[in-house]
Amino acid sequence: MTFAIHGLNVSRGVAIGRAVLVASSRVDVAHYFVQPHEVEAEINRVRVGRNAVIDEIHRLQETITQMGPKEAPHELGALLDVHLMLLQDDDLVGGVKHWITERLYNAEWAVTTQLEVIARQFDEMEDEYLRERKADLEQIVERVLRAMKDKGSPVVSPQRAARKPQQQDLLLDDTVDVPLILIAHDLSPADMLQFKQSVFAGFITDVGGKTSHTAIVARSMDIPAVVGARLASQLVRQDDWVIIDGDAGVVIVDPSPIILAEYGFKQRQRELERGRLQRLLHTPSVTLDGERVELLANIEMPEDALAAVKAGAVGVGLFRSEFLFMGRQGRLPGEEEQYQAYKRAVEGMQGMPVTIRTVDVGADKPLDDSVRDAAHLNPALGLRAIRWSLADPAMFLTQLRAILRAAAHGKVQLLVPMLAHAREIRQTLAHLAQARTTLDNRGVAYGPVKLGAMIEIPAAALSLRLFLKHFDFLSIGTNDLIQYTLAIDRADESVAHLYDPLHPAVLRLVADTIAECRAQGKGVSVCGEMAGDVGLTRLLLGLGLRSFSMHPAQILAVKLEILRADTIKLAPWAQRVRDAEDPELEMAGN
Ligand code: PEP
Ligand code: MG
């Protein structure tokens with residue numbers, strides 16, 4: 001039966017495919033695709049894990065029979081029989097094989113997927129006793145997974161985890177070819193990174209706001225996504241057909257043929273639109289009145305530089321370096337590893353500038369899933385970004401040295417997130433000086449860097465003079481600036497309706513920062529999601545912004561807006577919008 005789930009539209013476009021529910025199993029497992037020639041080995045890993053648990057149960061049964069009924073009650077023996085029966089159940093064994101052979105899931109993913117399929121069947125049972133056997137099933141699956149781990153799981157490199165099946169991997173069977181749509185209760189930015197170059201055609205999560213980092217990574221992948229879709233991961237079943245309407249923020253489950261045809265049409269329309277935008281690739285980004293506008297890219301990994309160049313970016317305005325630090329079970333990248341990564345990004349940009357932001361972990365970007373900061377009640381207001389760096393000087397100095405060294409290979413700008421206090425600025429500058437001294441003493445080559453600060457805390461936007469005294473340029477992080485100005489958790493879908501880039505307070509802070517930088521002849525750009533929102537391009541141009549940094553996939557659409565704009569005409573209108581009681585209403589009047 002067709003039904004729709006409403007969420008937040010965070011990444012545009014239409015995706016049609018089969019649902020892949022990422023297990024909400026209590027055991028955290030890796031999800032990646034294997035090569036067809038690895039299928040047998042994967043099935044064997046499951047077999048070995050399962051046999052280990054069966055042997056364990058047999059041993060327990062023997063011990064029980066040697067004990068008297070007092071020490072080992074009858075129920076215990078009966079329970080072990082149930083566990084054995086479940087382990088040998090055809091549905092479990094056959095289902096796991098199916099996911100590995102037909103979908104090329106790795107063994108652990110296949111096991112947890114099948115667990116979900118069977119668990120649902122248990123949920124629907126009338127008989128209470130049988131329904132309660134779900135807990136036993138979960139227990140034995142956890143034991144199998146643990147046994148597989150003990151017997152040695154293959155080490156999964158991020159590249160492999162994110163590997164796109166190559167043409168030659170695709171079996172002729174179209175079950176492998178069919179687009180897959182990832183559905184999860186929540187995905188951490190580290191999970192998203194794993195899936196970044198994967199085969200998924202779209203994402204749906206139950207939780208998350210428009211500028212949550214999950215949404216940001218989905219946009220950077222340029223695939224349709226809906227977040228905050230509440231119960232999606234419970235309502236949609238494994239392998240259901242689903243449509244993501246990323247423009248409307250709607251998920252359609254089990255669509256009828258008519259709906260499928262309609263969305264198929266929309267999908268083709270969007271492809272045509274993209275094709276038309278491609279023609280602007282080499283057109284200089286200049287307004288009708290001759291104002292040059294710099295279009296920069298936001299990237300998460302050095303390899304994203306390729307997409308930035310392909311989209312016609314004239315540099316990287318924000319390299320979110322924290323993605324190099326995530327999902328590594330606490331093992332942080334050392335100086336050499338970071339240096340190589342930054343150097344790859346710099347070289348990838350072929351002489352164009354790369355703005356590397358120092359690590360911004362914390363809040364909705366934990367280093368690791370296992371260390372999600374539950375202990376702190378308000379992580380967004382806690383030890384995040386520069387606060388985290390200053391609290392761990394050895395880590396911060398390592399990163400600063402790596403960035404300075406990468407600057408020997410091309411134009412590098414260093415950007416510091418979440419500054420608010422003069423003391424933090426002084427400490428940051430002192431660390432930078434110390435990093436340079438260490439490199440001098442070691443005789444290691446490094447290059448000059450321009451120094452920038454992010455304006456993303458209202459306190460910073462209200463202390464611009466302090467910032468402009470110490471920094472060469474400012475970059476407005478509107479995602480956090482809105483979050484902190486309006487006291488709205490950007491990752492919380494329940495307050496997403498209050499997350500408003502056009503709130504007069506936000507507009508004033510953004511407008512004043514642009515104006516002050518221009519007055520002092522300092523560079524200013526916007527690198528938050530506002531920069532890539534075509535609905536806001538004209539307003540930002542009118543407020544005097546000439547440098548926008550966004551996901552590569554948004555660059556051409558924003559360029560089109562720029563080519564059609566006349567900043568002389570836009571300026572008085574933008575001032576009116578800035579000063580209006582209801583800026584949205586004023587915007588509509590233009
Ligand atoms: C921002 O806050 O606008 C920003 C660009 O940084 P991030 O989204 O990584 O917090
Ligand atoms: Mg930010």
# chains A, B, ... in the order shown; residues from 1 in each chain; ligands from 1

call {"tool": "closest_atom_pairs", "arguments": {"of": "chain A", "to": "ligand 1", "cutoff": "6 Å", "atoms": "only C-alpha atoms and all ligand atoms", "output": "JSON lines"}}
result
{"residue": "A:Glu456", "atom": "CA", "partner": "ligand 1", "partner_atom_place_in_ligand_line": "2 (O)", "distance": 5.8}
{"residue": "A:Gly477", "atom": "CA", "partner": "ligand 1", "partner_atom_place_in_ligand_line": "3 (O)", "distance": 3.0}
{"residue": "A:Thr478", "atom": "CA", "partner": "ligand 1", "partner_atom_place_in_ligand_line": "3 (O)", "distance": 4.0}
{"residue": "A:Asn479", "atom": "CA", "partner": "ligand 1", "partner_atom_place_in_ligand_line": "3 (O)", "distance": 3.5}
{"residue": "A:Asp480", "atom": "CA", "partner": "ligand 1", "partner_atom_place_in_ligand_line": "2 (O)", "distance": 3.8}
{"residue": "A:Cys527", "atom": "CA", "partner": "ligand 1", "partner_atom_place_in_ligand_line": "5 (C)", "distance": 4.9}
{"residue": "A:Gly528", "atom": "CA", "partner": "ligand 1", "partner_atom_place_in_ligand_line": "3 (O)", "distance": 3.3}

call {"tool": "write_last_selection", "arguments": {"atoms": "N, CA and C atoms", "output": "PDB file, in the first residue's frame"}}
result
ATOM      1  N   GLU A 456      30.863  32.665  13.611  1.00  0.00           N
ATOM      2  CA  GLU A 456      29.731  31.742  13.742  1.00  0.00           C
ATOM      3  C   GLU A 456      29.137  31.746  15.142  1.00  0.00           C
ATOM      4  N   GLY A 477      30.122  31.538   9.151  1.00  0.00           N
ATOM      5  CA  GLY A 477      29.552  30.183   9.255  1.00  0.00           C
ATOM      6  C   GLY A 477      28.091  30.327   9.643  1.00  0.00           C
ATOM      7  N   THR A 478      27.246  30.481   8.646  1.00  0.00           N
ATOM      8  CA  THR A 478      25.844  30.800   8.955  1.00  0.00           C
ATOM      9  C   THR A 478      25.117  29.645   9.653  1.00  0.00           C
ATOM     10  N   ASN A 479      25.603  28.406   9.431  1.00  0.00           N
ATOM     11  CA  ASN A 479      24.905  27.275  10.064  1.00  0.00           C
ATOM     12  C   ASN A 479      24.917  27.427  11.580  1.00  0.00           C
ATOM     13  N   ASP A 480      26.102  27.706  12.094  1.00  0.00           N
ATOM     14  CA  ASP A 480      26.200  27.863  13.547  1.00  0.00           C
ATOM     15  C   ASP A 480      25.737  29.239  13.992  1.00  0.00           C
ATOM     16  N   CYS A 527      30.487  30.682   4.226  1.00  0.00           N
ATOM     17  CA  CYS A 527      30.744  29.269   3.910  1.00  0.00           C
ATOM     18  C   CYS A 527      29.680  28.359   4.511  1.00  0.00           C
ATOM     19  N   GLY A 528      28.674  28.929   5.172  1.00  0.00           N
ATOM     20  CA  GLY A 528      27.560  28.123   5.683  1.00  0.00           C
ATOM     21  C   GLY A 528      26.610  27.805   4.536  1.00  0.00           C
TER      22      GLY A 528
END

call {"tool": "residues_around", "arguments": {"residues": "Ala491 in chain A", "least_positions_apart": "5", "cutoff": "12 Å", "atoms": "only C-alpha atoms", "output": "PyMOL selection string"}}
result
chain A and resi 8+10+186-189+205-216+227-228+363-365+379-380+479-480+483+496-497+499

call {"tool": "residues_around", "arguments": {"residues": "Ser463 in chain A", "least_positions_apart": "4", "cutoff": "10 Å", "atoms": "only C-alpha atoms", "output": "PyMOL selection string"}}
result
chain A and resi 420-422+455+458-459+467-468+513

call {"tool": "write_last_selection", "arguments": {"atoms": "N, CA and C atoms", "output": "PDB file, in the first residue's frame"}}
result
ATOM      1  N   ALA A 420      35.550  33.199  19.951  1.00  0.00           N
ATOM      2  CA  ALA A 420      34.687  34.249  20.505  1.00  0.00           C
ATOM      3  C   ALA A 420      35.473  35.212  21.383  1.00  0.00           C
ATOM      4  N   HIS A 421      36.503  34.708  22.040  1.00  0.00           N
ATOM      5  CA  HIS A 421      37.201  35.500  23.057  1.00  0.00           C
ATOM      6  C   HIS A 421      38.564  35.995  22.565  1.00  0.00           C
ATOM      7  N   ALA A 422      38.952  37.162  23.060  1.00  0.00           N
ATOM      8  CA  ALA A 422      40.281  37.693  22.727  1.00  0.00           C
ATOM      9  C   ALA A 422      41.358  36.713  23.190  1.00  0.00           C
ATOM     10  N   ILE A 455      33.164  33.469  11.606  1.00  0.00           N
ATOM     11  CA  ILE A 455      32.221  34.236  12.420  1.00  0.00           C
ATOM     12  C   ILE A 455      30.978  33.365  12.497  1.00  0.00           C
ATOM     13  N   PRO A 458      27.440  34.584  17.767  1.00  0.00           N
ATOM     14  CA  PRO A 458      27.010  35.992  17.748  1.00  0.00           C
ATOM     15  C   PRO A 458      28.013  36.922  18.424  1.00  0.00           C
ATOM     16  N   ALA A 459      28.648  36.441  19.499  1.00  0.00           N
ATOM     17  CA  ALA A 459      29.627  37.278  20.200  1.00  0.00           C
ATOM     18  C   ALA A 459      30.748  37.714  19.252  1.00  0.00           C
ATOM     19  N   PHE A 467      38.344  41.058  15.778  1.00  0.00           N
ATOM     20  CA  PHE A 467      38.699  40.021  14.815  1.00  0.00           C
ATOM     21  C   PHE A 467      39.496  40.593  13.645  1.00  0.00           C
ATOM     22  N   LEU A 468      39.053  41.756  13.176  1.00  0.00           N
ATOM     23  CA  LEU A 468      39.726  42.316  12.001  1.00  0.00           C
ATOM     24  C   LEU A 468      41.134  42.806  12.334  1.00  0.00           C
ATOM     25  N   THR A 513      28.711  42.069   9.313  1.00  0.00           N
ATOM     26  CA  THR A 513      30.042  41.453   9.125  1.00  0.00           C
ATOM     27  C   THR A 513      30.551  41.746   7.715  1.00  0.00           C
TER      28      THR A 513
END

call {"tool": "select_by_dssp", "arguments": {"residues": "range 187-433 of chain A", "states": "helix (DSSP H, G or I)", "output": "ChimeraX atom specification"}}
result
/A:189-195,213-220,232-235,257-278,302-310,321-324,335-348,369-371,379-381,386-391,393-409,422-433

call {"tool": "select_by_dssp", "arguments": {"residues": "range 483-550 of chain A", "states": "strand (DSSP E or B)", "output": "PyMOL selection string"}}
result
chain A and resi 523-526+547-550

call {"tool": "closest_atom_pairs", "arguments": {"of": "range 430-456 of chain A", "to": "range 384-406 of chain A", "cutoff": "6 Å", "atoms": "only C-alpha atoms", "output": "tab-separated table"}}
result
residue	atom	partner	partner_atom	distance
A:Ala435	CA	A:Arg401	CA	5.4
A:Tyr446	CA	A:Arg405	CA	4.1
A:Gly447	CA	A:Leu404	CA	5.8

call {"tool": "write_last_selection", "arguments": {"atoms": "C-alpha atoms", "output": "mmCIF file, in the first residue's frame"}}
result
data_model
loop_
_atom_site.group_PDB
_atom_site.id
_atom_site.type_symbol
_atom_site.label_atom_id
_atom_site.label_comp_id
_atom_site.auth_asym_id
_atom_site.auth_seq_id
_atom_site.Cartn_x
_atom_site.Cartn_y
_atom_site.Cartn_z
ATOM 1 C CA ALA A 435 54.362 25.586 15.272
ATOM 2 C CA TYR A 446 56.742 25.387 5.183
ATOM 3 C CA GLY A 447 54.861 28.159 3.440
#

call {"tool": "closest_residue", "arguments": {"among": "A:Met148, A:Leu498, A:Ile482, A:Ala232", "to": "ligand 2", "atoms": "only C-alpha atoms and all ligand atoms"}}
result
A:Ile482

call {"tool": "atom_distance", "arguments": {"atom1": "CA of Met587 in chain A", "atom2": "CA of Lys569 in chain A"}}
result
13.8 Å

call {"tool": "residues_around", "arguments": {"residues": "Leu545 in chain A", "least_positions_apart": "3", "cutoff": "12 Å", "atoms": "only C-alpha atoms", "output": "ChimeraX atom specification"}}
result
/A:291-295,474-476,510-518,522-527,530-531,536-542,548-549,562,567,570-571,574

call {"tool": "residues_around", "arguments": {"residues": "range 101-118 of chain A", "least_positions_apart": "2", "cutoff": "6 Å", "atoms": "only C-alpha atoms", "output": "NGL selection string"}}
result
:A and (23 or 31-34 or 42 or 95-96 or 98-99 or 120-121 or 176)

call {"tool": "closest_residue", "arguments": {"among": "A:Glu424, A:Ala248, A:Ile243, A:Val449", "to": "Glu262 in chain A", "atoms": "only C-alpha atoms"}}
result
A:Ile243

call {"tool": "atom_distance", "arguments": {"atom1": "CA of Val495 in chain A", "atom2": "CA of Ala229 in chain A"}}
result
13.4 Å
